[in-house]
Amino acid sequence: MDGGDIYRASGSLRVASSSGWRNNAMEAFSRSSREDDDEEALRWAALERLPTFDRLRKGILTTSRGGGSEIEVNNLGFNERRKLIERLVNIAEVDNEKFLLKLKNRIDRVGIDLPKIEVRFEHLNVEAEAYVGSRALPTFFNFSINIIEGFLNYLHIISSRKEHLTILDDVSSGKTTLLLALAGKLDSTLKVSGGVTYNGHGMHEFVPQRTAAYISQHDVHIGEMTVRETLAFSARCQGVGSRYEMLAELSRREKAANIKPDPDIDVFMKATATEGQEANLVTDYILKILGLEVCADTIVGDEMLRGISGGQRKRVTTGEMLVGPAKALFMDEISTGLDSSTTFQIINSLRQYVHILNGTALISLLQPAPETYDLFDDIILLSDGQIVYQGPREQVLDFFEDIGFKCPERKGAADFLQEVTSRKDQQQYWARQNEPYRFVTVKEFAEAFQSFHVGRKLGDELGTPFDKKKSHPAALTTKNYGVGKKELLKACISREFLLMKRNSFLTIMAMVSMSLFFRTKMHRESVTDGIVYTGALFFTVIMIMFNGMSEISMTIAKLSVFYKQRDLRFYPSWSYALPTWILKIPITFVEVAVWVFLTYYVTGYDPNVGRLFKQYLLLVFVNQMASGLFRLIAATGRNIIVANTFGSFVLLLLFALGGFVLSQDDIKKWWTWAYWCSPLMYGQNAIVVNEFLGHSWDKIVPNSTDTLGVAVLKSRGFFLEAYWYWLGVGALIGFTILFNFGLTLALTYLNPFDKAQMVISEEARSDDDDNRTGGAIQLSTRGSSSGHRSLSGSGDEIRRRSSSSKSSYMTEAAIDAVQHNKRGMVLPFEPYSITFDDITYSVDMPQVTLSFGK
């Protein structure tokens with residue numbers, strides 16, 4: 001049945017009744033069916049008369065009894081979304097292709113072209129610098145020397161001692177395995193030359209981070225969020241792209257041609273074209289396709305929280321980008337932790353998407369099963385930075401047979417491709433018995449491919465420049481973000497509110513303060529008594545400050561997710577920083593209220609209610625200042641060890657220069673500037689002025705004209721003027737704004753603390769210079785969400801899709817890294833062997849009494 005036709009339950013019944021099986025009950029049922037059809041036609045007619053904006057927000061939702069009801073597509077409930085997805089894609093393996101064909105048929109019927117992307121790169125070179133041998137090991141000595149050398153290199157006093165390495169060498173192709181290069185996410189420290197174009201447009205003419213979706217091999221998520229919430233937030237930030245404009249044109253043409261679409265398909269397309277929804281229908285669809293429905297409402301989890309399994313987390317990483325509108329997908333090792341059947345299902349769904357809806361996908365997998373390998377149309381074989389083969393999957397074995405290498409019948413093609421260029425494994429595939437074997441280098445393979453008919457055809461295609469006029473207007477994205485600033489801010493506030501938890505630490509410490517500074521032991525008879533009150537006030541300010549220190553760990557825990565989503569253009573830095581500040585304000589009011597109202601009268605501060613609320617207001621701003629300060633420390637440190645160390649040092653300075661540990665009179669003149677820069681100084685002066693200028697302290701000290709409160713202030717070098725309270729409040733507000741502004745700048749311009757490191761042995765480096773086959777090069781991306789993907793000698797397999805909507809496969813051949821005992825990769829640890837034997841694992845089962853009924 002055509003995808004645009006309306007399903008009519010009564011049609012077959014009318015045909016059957018005409019053959020003599022008619023009876024009274026059937027006639028009544030047919031009349032009822034005709035009435036339903038008439039009502040449905042009336043609803044469609046009413047829907048068509050609406051203005052375009054309203055028409056795109058309303059649809060006819062089929063009920064379980066076969067009828068239909070008019071609904072607002074942006075108000076679909078959970079059960080309505082679930083039932084709609086079940087009707088469209090009940091079994092993902094069977095129904096997804098049918099569903100996509102219905103979508104495509106509806107679009108084709110009115111002559112609308114879907115946007116396509118062709119990605120080219122020519123003469124692309126990627127180079128890096130790295131230390132060689134033991135100099136590359138992450139020891140304390142090397143770390144210290146690297147810092148000194150880096151500083152001297154920056155001053156051009158000495159030259160760099162790093163070895164120059166070529167990762168990609170003059171690669172030219174219509175499409176490529178360079179996932180990060182194509183997605184515009186290469187590390188800034190790498191030297192890149194050559195050209196990368198999308199539909200003939202340079203990378204500077206559009207926003208590649210939003211035109212293409214890069215799916216990392218690292219699973220970086222917020223552990224407290226569920227799978228559904230993670231995907232829904234991603235969909236909300238990425239927006240709907242050109243779906244709404246395409247749907248508006250589609251609806252206009254269907255109305256002009258008097259075409260009525262399938263109601264379920266119509267509701268699906270309208271719902272997925274409506275942005276700003278917290279629960280989007282496209283999220284439910286991706287959950288269904290990836291097999292994540294069973295864990296949709298389970299938290300993702302992390303090292304501290306138990307959540308979903310590793311394989312499910314890998315699928316969440318994939319789904320996080322699939323919910324967006326990107327037409328080009330660059331997917332790095334998405335099968336890690338997945339069984340072969342699940343991998344096959346996901347790759348098959350992606351294949352259906354790219355074939356039917358003209359998508360582009362480049363996928364990297366590890367050791368795929370043969371049936372998964374057969375899903376790809378084209379293959380790219382990359383070894384030692386050079387293209388060995390690129391073309392149809394069916395002809396890759398023919399290419400190697402022409403050179404003299406044959407894949408055994410029982411050998412998987414993927415395993416053969418990753419071994420055939422390796423010095424260690426190549427000889428076993430030599431098929432010319434009448435000719436002696438000699439090692440064929442990668443360079444010779446690459447030159448042979450240029451003369452192979454597939455290579456010549458590819459060269460001819462590259463020789464013809466892409467006609468920019470053929471590029472669809474909606475193919476390339478020129479906006480930095482998928483939705484407006486208001487929607488981004490709402491989405492970030494909604495997520496931050498979801499993650500907030502009440503901190504009980506402050507309540508506990510308030511109870512301690514009540515018992516420590518109990519009013520029955522607090523007197524106002526002398527300056528010494530005033531010093532005790534000063535200590536209580538200092539303790540109050542310090543505890544409010546300490547409550548903000550928890551922001552360091554909470555901020556750093558989410559930084560890796562932030563860097564990933566920032567680089568993928570989910571949202572700007574300010575929309576991430578602002579909600580953490582805004583949502584902290586009501587929490588601050590509650591936290592400070594708990595402290596002040598538990599301790600103020602119990603401790604015995606001045607009973608004037610005005611001074612009570614003035615102390616409360618001051619501590620609110622102290623808390624806000626401290627939160628901003630520690631969030632700034634976390635954003636600049638970017639590592640929990642660095643941030644905690646630096647945060648402790650900052651606290652030490654604040655305590656020493658707060659005016660209580662060291663009075664103003666005891667601070668040396670050359671250190672006075674730090675006293676005036678300390679935000680704690682302003683808070684401490686304001687809170688003691690508020691207390692000691694109260695009526696409880698206005699008694700005259702013997703042998704003096706000063707009141708007891710003024711005498712206490714003088715004894716510790718505090719300011720005596722009442723306006724210092726409001727000066728302190730104003731200073732704290734200024735520091736709060738300054739710290740949060742600094743936080744935004746740090747989030748905008750700083751990258752993850754850890755950087756990608758390259759390690760290579762000295763022997764491998766010398767062999768690599770000779771024939772480009774003897775070295776084992778590894779790029780690790782520890783902690784780097786924006787770092788580059790490794791091109792290692794471990795035989796990673798990479799798949800990709802061509803511009804003609806074909807899926808393609810690419811593998812990097814293994815390199816011979818261990819030819820002698822002292823050759824190979826330099827490991828930053830000493831390897832050990834573990835053996836085990838006769839291990840028994842048992843689980844105690846509870847005694848259960850089973851009863852069986854008839």
# chains A, B, ... in the order shown; residues from 1 in each chain; ligands from 1
call {"tool": "closest_atom_pairs", "arguments": {"of": "range 213-298 of chain A", "to": "range 68-83 of chain A", "cutoff": "12 Å", "atoms": "only C-alpha atoms", "output": "Markdown table"}}
result
| residue | atom | partner | partner_atom | distance |
| --- | --- | --- | --- | --- |
| A:Arg228 | CA | A:Phe78 | CA | 11.8 |
| A:Asp262 | CA | A:Gly68 | CA | 11.7 |
| A:Pro263 | CA | A:Gly68 | CA | 8.6 |
| A:Asp264 | CA | A:Gly68 | CA | 10.0 |
| A:Ile265 | CA | A:Val73 | CA | 11.9 |
| A:Asp266 | CA | A:Val73 | CA | 9.8 |
| A:Val267 | CA | A:Val73 | CA | 6.5 |
| A:Phe268 | CA | A:Val73 | CA | 8.3 |
| A:Met269 | CA | A:Val73 | CA | 9.4 |
| A:Lys270 | CA | A:Val73 | CA | 6.5 |
| A:Ala271 | CA | A:Val73 | CA | 5.1 |
| A:Thr272 | CA | A:Val73 | CA | 8.9 |
| A:Ala273 | CA | A:Asn74 | CA | 9.5 |
| A:Thr274 | CA | A:Asn74 | CA | 6.7 |
| A:Glu275 | CA | A:Asn74 | CA | 8.7 |
| A:Gly276 | CA | A:Asn74 | CA | 9.1 |
| A:Gln277 | CA | A:Asn74 | CA | 7.0 |
| A:Glu278 | CA | A:Asn74 | CA | 9.8 |
| A:Ala279 | CA | A:Phe78 | CA | 8.3 |
| A:Asn280 | CA | A:Asn74 | CA | 8.4 |
| A:Leu281 | CA | A:Arg81 | CA | 6.4 |
| A:Val282 | CA | A:Arg81 | CA | 9.7 |
| A:Thr283 | CA | A:Arg81 | CA | 10.0 |
| A:Asp284 | CA | A:Arg82 | CA | 7.3 |
| A:Tyr285 | CA | A:Arg82 | CA | 9.0 |
| A:Leu287 | CA | A:Arg82 | CA | 10.7 |
| A:Lys288 | CA | A:Arg82 | CA | 9.7 |
| A:Glu293 | CA | A:Arg82 | CA | 10.2 |
call {"tool": "closest_residue", "arguments": {"among": "A:Ser134, A:Glu447, A:Glu224, A:Lys469", "to": "Met554 in chain A", "atoms": "only C-alpha atoms"}}
result
A:Glu224
call {"tool": "closest_residue", "arguments": {"among": "A:Gly319, A:Gly359, A:Gly150, A:Pro138", "to": "Thr211 in chain A", "atoms": "only C-alpha atoms"}}
result
A:Gly359
call {"tool": "residues_around", "arguments": {"residues": "Phe718 in chain A", "least_positions_apart": "6", "cutoff": "9 Å", "atoms": "only C-alpha atoms", "output": "list in words"}}
result
Gly659, Phe660, Ser663, Gln664, Gln684, Asn685, Val688, Val689 and Val712 of chain A
call {"tool": "closest_residue", "arguments": {"among": "A:Ala212, A:Leu250, A:Leu180, A:Val620", "to": "Ile117 in chain A", "atoms": "only C-alpha atoms"}}
result
A:Ala212
